[in-house]
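Participant: This is the content of my_file.cif (mmCIF, C-alpha atoms and all ligand atoms):
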data_run
#
loop_
_atom_site.label_atom_id
_atom_site.label_comp_id
_atom_site.auth_asym_id
_atom_site.auth_seq_id
_atom_site.Cartn_x
_atom_site.Cartn_y
_atom_site.Cartn_z
CA MET X 111 3.08 -11.72 53.81
CA THR X 112 5.00 -8.44 53.91
CA SER X 113 5.48 -6.21 56.97
CA ALA X 114 2.60 -7.71 59.00
CA GLU X 115 3.93 -6.63 62.40
CA PRO X 116 3.37 -2.88 61.96
CA THR X 117 -0.34 -3.56 61.79
CA THR X 118 -0.60 -5.22 65.21
CA ILE X 119 -1.66 -1.94 66.80
CA PHE X 120 -4.48 -1.70 64.23
CA THR X 121 -5.58 -5.36 64.27
CA ARG X 122 -6.13 -5.43 68.02
CA SER X 123 -8.32 -2.40 68.19
CA TRP X 124 -9.14 0.66 66.20
CA SER X 125 -10.00 2.92 69.14
CA LEU X 126 -6.53 4.44 69.69
CA TYR X 127 -6.26 5.58 66.06
CA ASP X 128 -9.80 6.99 66.24
CA LEU X 129 -8.82 8.96 69.34
CA LEU X 130 -5.76 10.42 67.56
CA THR X 131 -7.72 11.41 64.49
CA GLU X 132 -10.64 12.85 66.46
CA HIS X 133 -8.16 15.24 68.09
CA ASN X 134 -6.71 15.90 64.63
CA TYR X 135 -3.20 15.14 65.86
CA MET X 136 -2.13 13.95 62.39
CA PHE X 137 -3.98 16.74 60.51
CA HIS X 138 -6.68 14.46 59.06
CA ASN X 139 -9.13 17.39 58.82
CA GLU X 140 -6.84 19.51 56.65
CA ILE X 141 -5.44 16.57 54.69
CA TYR X 142 -8.78 15.05 53.77
CA SER X 143 -10.31 18.41 52.91
CA GLY X 144 -7.45 18.66 50.38
CA ILE X 145 -8.23 15.16 49.09
CA ARG X 146 -11.89 16.13 48.71
CA ASP X 147 -10.87 19.16 46.59
CA LEU X 148 -8.46 17.05 44.56
CA LEU X 149 -11.07 14.41 43.71
CA GLU X 150 -13.48 17.14 42.68
CA LEU X 151 -11.04 18.14 39.91
CA ARG X 152 -11.55 14.84 38.12
CA ASN X 153 -13.90 14.73 35.19
CA ASP X 154 -14.62 11.00 35.46
CA LYS X 155 -16.86 11.08 38.55
CA GLU X 156 -19.05 7.97 38.85
CA HIS X 157 -16.79 6.26 36.32
CA TYR X 158 -13.43 6.10 38.03
CA ARG X 159 -11.96 3.17 39.94
CA LEU X 160 -10.11 3.75 43.21
CA LEU X 161 -7.91 1.28 45.07
CA ASP X 162 -7.28 2.29 48.71
CA LEU X 163 -4.18 0.57 50.09
CA GLY X 164 -4.12 0.39 53.89
CA CYS X 165 -7.68 1.76 53.97
CA GLY X 166 -8.18 1.34 57.72
CA ASN X 167 -11.80 2.12 58.50
CA ALA X 168 -12.01 4.59 55.55
CA ARG X 169 -13.63 7.06 57.93
CA TYR X 170 -12.00 10.17 56.47
CA LEU X 171 -11.97 9.15 52.80
CA THR X 172 -15.67 8.23 52.75
CA PRO X 173 -17.00 11.85 52.79
CA CYS X 174 -14.66 12.67 49.87
CA LEU X 175 -16.00 9.66 47.97
CA LYS X 176 -19.57 10.73 48.62
CA ARG X 177 -18.80 14.07 46.94
CA SER X 178 -16.98 12.42 44.01
CA PRO X 179 -18.38 8.91 43.78
CA PRO X 180 -16.26 6.20 42.18
CA ALA X 181 -17.78 3.43 40.07
CA LEU X 182 -15.63 1.01 42.07
CA TYR X 183 -13.93 1.40 45.43
CA GLU X 184 -11.68 -1.36 46.72
CA GLY X 185 -10.08 -1.08 50.16
CA VAL X 186 -7.28 -3.38 51.27
CA ASP X 187 -6.11 -3.78 54.85
CA LEU X 188 -4.62 -6.39 57.16
CA SER X 189 -6.85 -5.35 60.06
CA GLU X 190 -10.21 -7.17 60.18
CA ALA X 191 -11.35 -4.73 62.90
CA ALA X 192 -10.72 -1.78 60.57
CA LEU X 193 -12.42 -3.49 57.61
CA ALA X 194 -15.54 -4.23 59.69
CA GLU X 195 -15.83 -0.51 60.46
CA ALA X 196 -15.02 0.45 56.86
CA ARG X 197 -17.99 -1.63 55.71
CA GLU X 198 -20.26 0.57 57.85
CA TYR X 199 -18.72 3.90 56.80
CA LEU X 200 -18.81 2.99 53.09
CA ALA X 201 -22.35 1.61 53.14
CA GLU X 202 -23.89 4.70 51.56
CA LEU X 203 -21.63 4.80 48.51
CA THR X 204 -23.57 4.31 45.31
CA GLY X 205 -20.86 2.46 43.37
CA GLN X 206 -19.44 -1.02 43.92
CA VAL X 207 -17.48 -1.51 47.16
CA ILE X 208 -15.02 -4.35 47.69
CA LEU X 209 -13.13 -4.80 50.96
CA THR X 210 -10.18 -7.14 50.89
CA HIS X 211 -8.35 -8.55 53.88
CA GLY X 212 -4.74 -8.71 52.73
CA ASP X 213 -1.34 -7.15 52.36
CA LEU X 214 -1.26 -3.91 50.38
CA LEU X 215 1.96 -4.65 48.51
CA GLU X 216 0.69 -8.06 47.43
CA ALA X 217 -2.62 -6.46 46.41
CA VAL X 218 -1.09 -3.77 44.21
CA GLU X 219 1.40 -6.19 42.68
CA SER X 220 -1.24 -8.78 41.84
CA THR X 221 -4.19 -6.66 40.78
CA GLY X 222 -5.51 -7.52 37.33
CA LYS X 223 -7.42 -4.25 37.05
CA THR X 224 -6.45 -0.81 35.81
CA TRP X 225 -7.07 1.87 38.44
CA ASP X 226 -7.73 5.57 37.93
CA ILE X 227 -6.71 6.40 41.48
CA LEU X 228 -4.43 4.57 43.83
CA PHE X 229 -4.81 6.07 47.28
CA THR X 230 -2.73 5.27 50.32
CA GLY X 231 -2.97 7.03 53.69
CA PHE X 232 -0.31 6.64 56.40
CA ALA X 233 0.64 3.08 55.45
CA ILE X 234 3.60 3.10 53.07
CA HIS X 235 6.09 4.31 55.70
CA HIS X 236 5.96 0.82 57.20
CA LEU X 237 7.54 -0.66 54.06
CA MET X 238 11.31 -1.09 53.69
CA PRO X 239 12.98 0.90 50.87
CA ASP X 240 13.02 -2.06 48.43
CA GLU X 241 9.35 -2.70 49.18
CA LYS X 242 8.52 0.97 48.58
CA ALA X 243 10.28 0.76 45.20
CA ARG X 244 8.20 -2.36 44.40
CA PHE X 245 5.08 -0.47 45.47
CA PHE X 246 5.81 2.38 43.03
CA ARG X 247 6.66 -0.04 40.19
CA ALA X 248 3.37 -1.86 40.71
CA ALA X 249 1.54 1.48 40.86
CA GLY X 250 3.12 2.51 37.55
CA ARG X 251 1.91 -0.75 35.98
CA CYS X 252 -1.72 -0.67 37.15
CA LEU X 253 -2.54 3.06 36.90
CA SER X 254 -4.57 4.21 33.91
CA GLU X 255 -2.99 6.72 31.51
CA ASN X 256 -4.48 9.71 33.37
CA GLY X 257 -4.29 7.90 36.68
CA TRP X 258 -3.23 9.43 39.97
CA LEU X 259 -1.29 7.96 42.84
CA ILE X 260 -2.28 9.98 45.91
CA LEU X 261 0.11 9.34 48.75
CA VAL X 262 -0.58 10.66 52.25
CA ASP X 263 2.25 9.88 54.61
CA VAL X 264 4.92 11.03 57.01
CA VAL X 265 8.08 12.18 55.24
CA ARG X 266 11.63 12.87 56.45
CA GLU X 267 13.41 16.15 55.72
CA GLU X 268 16.08 15.94 53.03
CA ASN X 269 19.33 14.60 54.58
CA GLN X 270 17.59 13.85 57.89
CA ASP X 271 18.37 10.35 59.12
CA ARG X 272 15.74 8.06 60.64
CA GLU X 273 17.01 8.51 64.21
CA SER X 274 16.71 12.27 64.07
CA TYR X 275 13.29 12.02 62.38
CA LEU X 276 12.12 9.71 65.18
CA ASP X 277 13.49 12.04 67.88
CA GLY X 278 11.43 14.86 66.39
CA TYR X 279 8.26 12.84 65.85
CA LEU X 280 8.27 11.23 69.30
CA LYS X 281 8.83 14.66 70.87
CA PHE X 282 5.88 16.00 68.84
CA MET X 283 3.70 13.12 70.06
CA ARG X 284 4.67 13.50 73.72
CA GLU X 285 4.20 17.28 73.67
CA LYS X 286 1.08 17.63 71.52
CA TRP X 287 -0.96 14.44 71.91
CA THR X 288 -2.11 15.55 75.35
CA HIS X 289 -5.51 13.82 75.31
CA VAL X 290 -4.07 10.33 74.83
CA PRO X 291 -3.88 8.34 78.10
CA GLN X 292 -0.25 7.79 79.13
CA ASP X 293 -0.18 4.00 78.56
CA GLN X 294 -1.71 4.37 75.08
CA LEU X 295 0.65 7.20 74.21
CA GLU X 296 3.60 4.97 75.09
CA GLU X 297 2.09 2.18 72.96
CA ALA X 298 1.81 4.60 70.02
CA CYS X 299 5.37 5.84 70.56
CA THR X 300 6.69 2.27 70.59
CA HIS X 301 4.80 1.55 67.35
CA VAL X 302 6.33 4.61 65.66
CA HIS X 303 9.81 3.87 67.02
CA ASP X 304 9.76 0.23 65.91
CA TYR X 305 7.90 0.38 62.60
CA ASP X 306 8.06 3.82 60.97
CA TYR X 307 10.54 4.11 58.09
CA PRO X 308 9.58 7.32 56.27
CA GLU X 309 11.54 8.45 53.23
CA CYS X 310 12.55 11.93 52.04
CA LEU X 311 10.42 13.54 49.36
CA SER X 312 13.28 13.29 46.83
CA THR X 313 13.54 9.52 47.41
CA LEU X 314 9.81 9.03 46.88
CA GLN X 315 10.07 11.18 43.75
CA GLU X 316 12.97 9.09 42.41
CA MET X 317 11.12 5.83 43.05
CA ALA X 318 8.03 7.20 41.33
CA GLY X 319 10.07 8.49 38.37
CA ALA X 320 11.70 5.07 37.94
CA ALA X 321 8.18 3.65 37.69
CA GLY X 322 7.17 6.12 34.95
CA LEU X 323 5.35 8.49 37.30
CA ASN X 324 7.38 11.53 36.32
CA CYS X 325 5.12 14.25 37.61
CA THR X 326 5.12 14.98 41.35
CA ARG X 327 2.90 17.61 42.95
CA LEU X 328 3.02 18.44 46.65
CA ILE X 329 -0.64 18.97 47.55
CA SER X 330 -0.18 19.80 51.21
CA ARG X 331 2.28 19.63 54.04
CA HIS X 332 1.40 19.84 57.73
CA ALA X 333 4.59 19.36 59.73
CA GLN X 334 5.85 15.85 58.83
CA HIS X 335 2.51 14.88 57.20
CA TYR X 336 2.53 15.21 53.41
CA THR X 337 0.01 14.69 50.63
CA ILE X 338 1.72 14.03 47.30
CA LEU X 339 0.17 13.42 43.90
CA PHE X 340 2.14 11.31 41.41
CA SER X 341 1.11 10.92 37.79
CA ARG X 342 2.61 10.18 34.37
CA SER X 343 2.10 13.74 33.17
CA ALA X 344 0.89 17.04 34.63
CA PRO X 345 -2.48 16.31 36.26
CA THR X 346 -4.63 18.97 34.62
CA LYS X 347 -7.64 16.65 34.48
CA GLY X 348 -8.55 13.13 35.37
C1 LIG O 1 -2.40 4.70 60.23
S1 LIG O 1 -3.66 3.68 59.52
C2 LIG O 1 -4.27 4.73 58.22
C3 LIG O 1 -5.72 4.54 57.87
C4 LIG O 1 -6.26 5.48 56.80
N1 LIG O 1 -5.70 5.12 55.49
C5 LIG O 1 -5.99 6.93 57.14
O1 LIG O 1 -5.43 7.65 56.30
O2 LIG O 1 -6.36 7.38 58.21
C6 LIG O 1 -2.67 2.52 58.58
C7 LIG O 1 -3.49 1.36 58.07
O3 LIG O 1 -2.68 0.65 57.16
C8 LIG O 1 -2.81 -0.73 57.42
N2 LIG O 1 -1.58 -1.38 56.94
C9 LIG O 1 -0.30 -1.13 57.29
N3 LIG O 1 0.55 -1.92 56.62
C10 LIG O 1 -0.22 -2.70 55.81
C11 LIG O 1 0.07 -3.72 54.86
N4 LIG O 1 1.32 -4.10 54.61
N5 LIG O 1 -0.97 -4.27 54.20
C12 LIG O 1 -2.25 -3.88 54.43
N6 LIG O 1 -2.58 -2.94 55.34
C13 LIG O 1 -1.58 -2.35 56.01
C14 LIG O 1 -3.04 -0.83 58.92
O4 LIG O 1 -3.70 -2.04 59.28
C15 LIG O 1 -3.91 0.39 59.16
O5 LIG O 1 -5.27 0.10 59.01
#
Can I see the file as structure tokens?
Ligand SMILES: C[S@@+](CC[C@H](N)C(=O)[O-])C[C@H]1O[C@@H](n2cnc3c(N)ncnc32)[C@H](O)[C@@H]1O
Facilitator:
Amino acid sequence: MTSAEPTTIFTRSWSLYDLLTEHNYMFHNEIYSGIRDLLELRNDKEHYRLLDLGCGNARYLTPCLKRSPPALYEGVDLSEAALAEAREYLAELTGQVILTHGDLLEAVESTGKTWDILFTGFAIHHLMPDEKARFFRAAGRCLSENGWLILVDVVREENQDRESYLDGYLKFMREKWTHVPQDQLEEACTHVHDYDYPECLSTLQEMAGAAGLNCTRLISRHAQHYTILFSRSAPTKG
């Protein structure tokens, strides 16, 4: 299994992450409203297949999927607690829903299906650089011709090293995440300090390009939180 430790905070309980997102500390409201608009651009609604890597409880993606229903949704996560909640949130989707307990890198590398959308939200930054490159190569192999890789994640500034990124992010957490109880805030800070390895946009772009995903579009940026769309060619339609 790859990078299991970063998920400890999510396997024990889902309540801390819910608290953060309910206060919109990581811009879930803005980010997922952008995802909703993006999915609405596709012309293969009710026919497309979406693989959600590190799906968590799928709480914020579900409303987008209700507006633009996939024929097949598969969510992969290492947290059983998150998957149990995801099952509830996704219950009203009309298409097929599969929830898989497993490692996201193994899942994308071993999938036998072709996917129209690969989605990943705040999960890839836990991978090491060689694992991220493997992730993009696998994405390039299993995406359909007009497929999209939608990546939501924290990103470092160009030429910013990890230490300086962490200084900035931990400061942001301690100053802005004021509704998180002190002990839980420290737990979240330790998680970020120990397990977050975000890349610069140019590095993600290079890895995607090496995997044949030559078109990169920055969909949104809210502080360190980016939404990036990768595809083989300009994504005029799905
Ligand atoms: C910060 S949460 C994000 C949840 C949701 N995608 C979102 O955008 O809000 C990260 C999720 O990725 C999962 N995760 C992290 N690394 C993983 C891995 N290697 N394999 C599977 N799931 C992983 C965690 O268990 C957690 O549920």
Participant: List all protein, DNA and RNA residues that have an atom no more than 6 Å from any atom of ligand LIG 1 (chain O), counting only C-alpha atoms and all ligand atoms, and report them as a list in words.
Facilitator: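 If we count only C-alpha atoms and all ligand atoms, the neighbours of ligand LIG 1 (chain O) turn out to be Thr112, Ser113, Ala114, Thr117, Phe120, Gly164, Cys165, Gly166, Ala168, Val186, Asp187, Leu188, Ser189, Ala192, Gly212, Asp213, Leu214, Thr230, Gly231, Phe232 and Ala233 of chain X.
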Participant: Give me, please, the distance in Å between CA of Glu202 (chain X) and CA of Pro173 (chain X), quoted to one decimal.
Facilitator: 10.0 Å
Participant: Pick out the closest residue to Leu175 (chain X) from this set: X:His289, X:Arg152, X:Arg342, X:Arg251. Count all atoms listed in the file.
Facilitator: X:Arg152
Participant: Using all atoms listed in the file for the distances, tell me which of X:Arg197, X:Lys281, X:Arg327, X:His236 is nearest to Leu295 (chain X).
Facilitator: X:Lys281
Participant: Would you pick out the contacts of Gly222 (chain X) at 10 Å or less, using only C-alpha atoms, so that residues sharing its chain but fewer than 4 positions from it are not included, and give the list as a list in words?
Facilitator: Ala217, Val218 and Cys252 of chain X
Participant: Can you pull out every residue within 9 Å of region 267-276 of chain X, counting all atoms listed in the file, but drop anything in the same chain fewer than 6 positions away, and send it as a list of chain:residue names?
Facilitator: X:Val302, X:His303, X:Asp306, X:Tyr307, X:Pro308, X:Glu309, X:Cys310, X:Leu311, X:Ser312, X:Thr313, X:Gln334
Participant: Between X:Tyr127, X:Arg177, X:Gly185, X:Ile227, single out the one closest to Ile208 (chain X), counting all atoms listed in the file.
Facilitator: X:Gly185
Participant: With all atoms listed in the file as the atoms that count, which of X:Arg146, X:Arg159, X:Arg284, X:His332 lies nearest to Lys176 (chain X)?
Facilitator: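 Looking at the shortest contact to Lys176 (chain X), the residue is X:Arg146.
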Participant: For CA of Ala344 (chain X) and CA of Gly250 (chain X), quote the distance in Å rounded to one decimal.
Facilitator: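 Between CA of Ala344 (chain X) and CA of Gly250 (chain X) the gap works out to 15.0 Å.
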Participant: Pick the closest to Glu132 (chain X) from X:Ala191, X:Leu280, X:Trp287, X:Pro180: which is it, counting only C-alpha atoms?
Facilitator: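 Smallest distance to Glu132 (chain X) is found for X:Trp287.
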Participant: From the set X:His235, X:Ala248, X:Tyr170, X:Asp277, which residue has the shortest atom-to-atom contact distance to Val264 (chain X), counting all atoms listed in the file?
Facilitator: X:His235
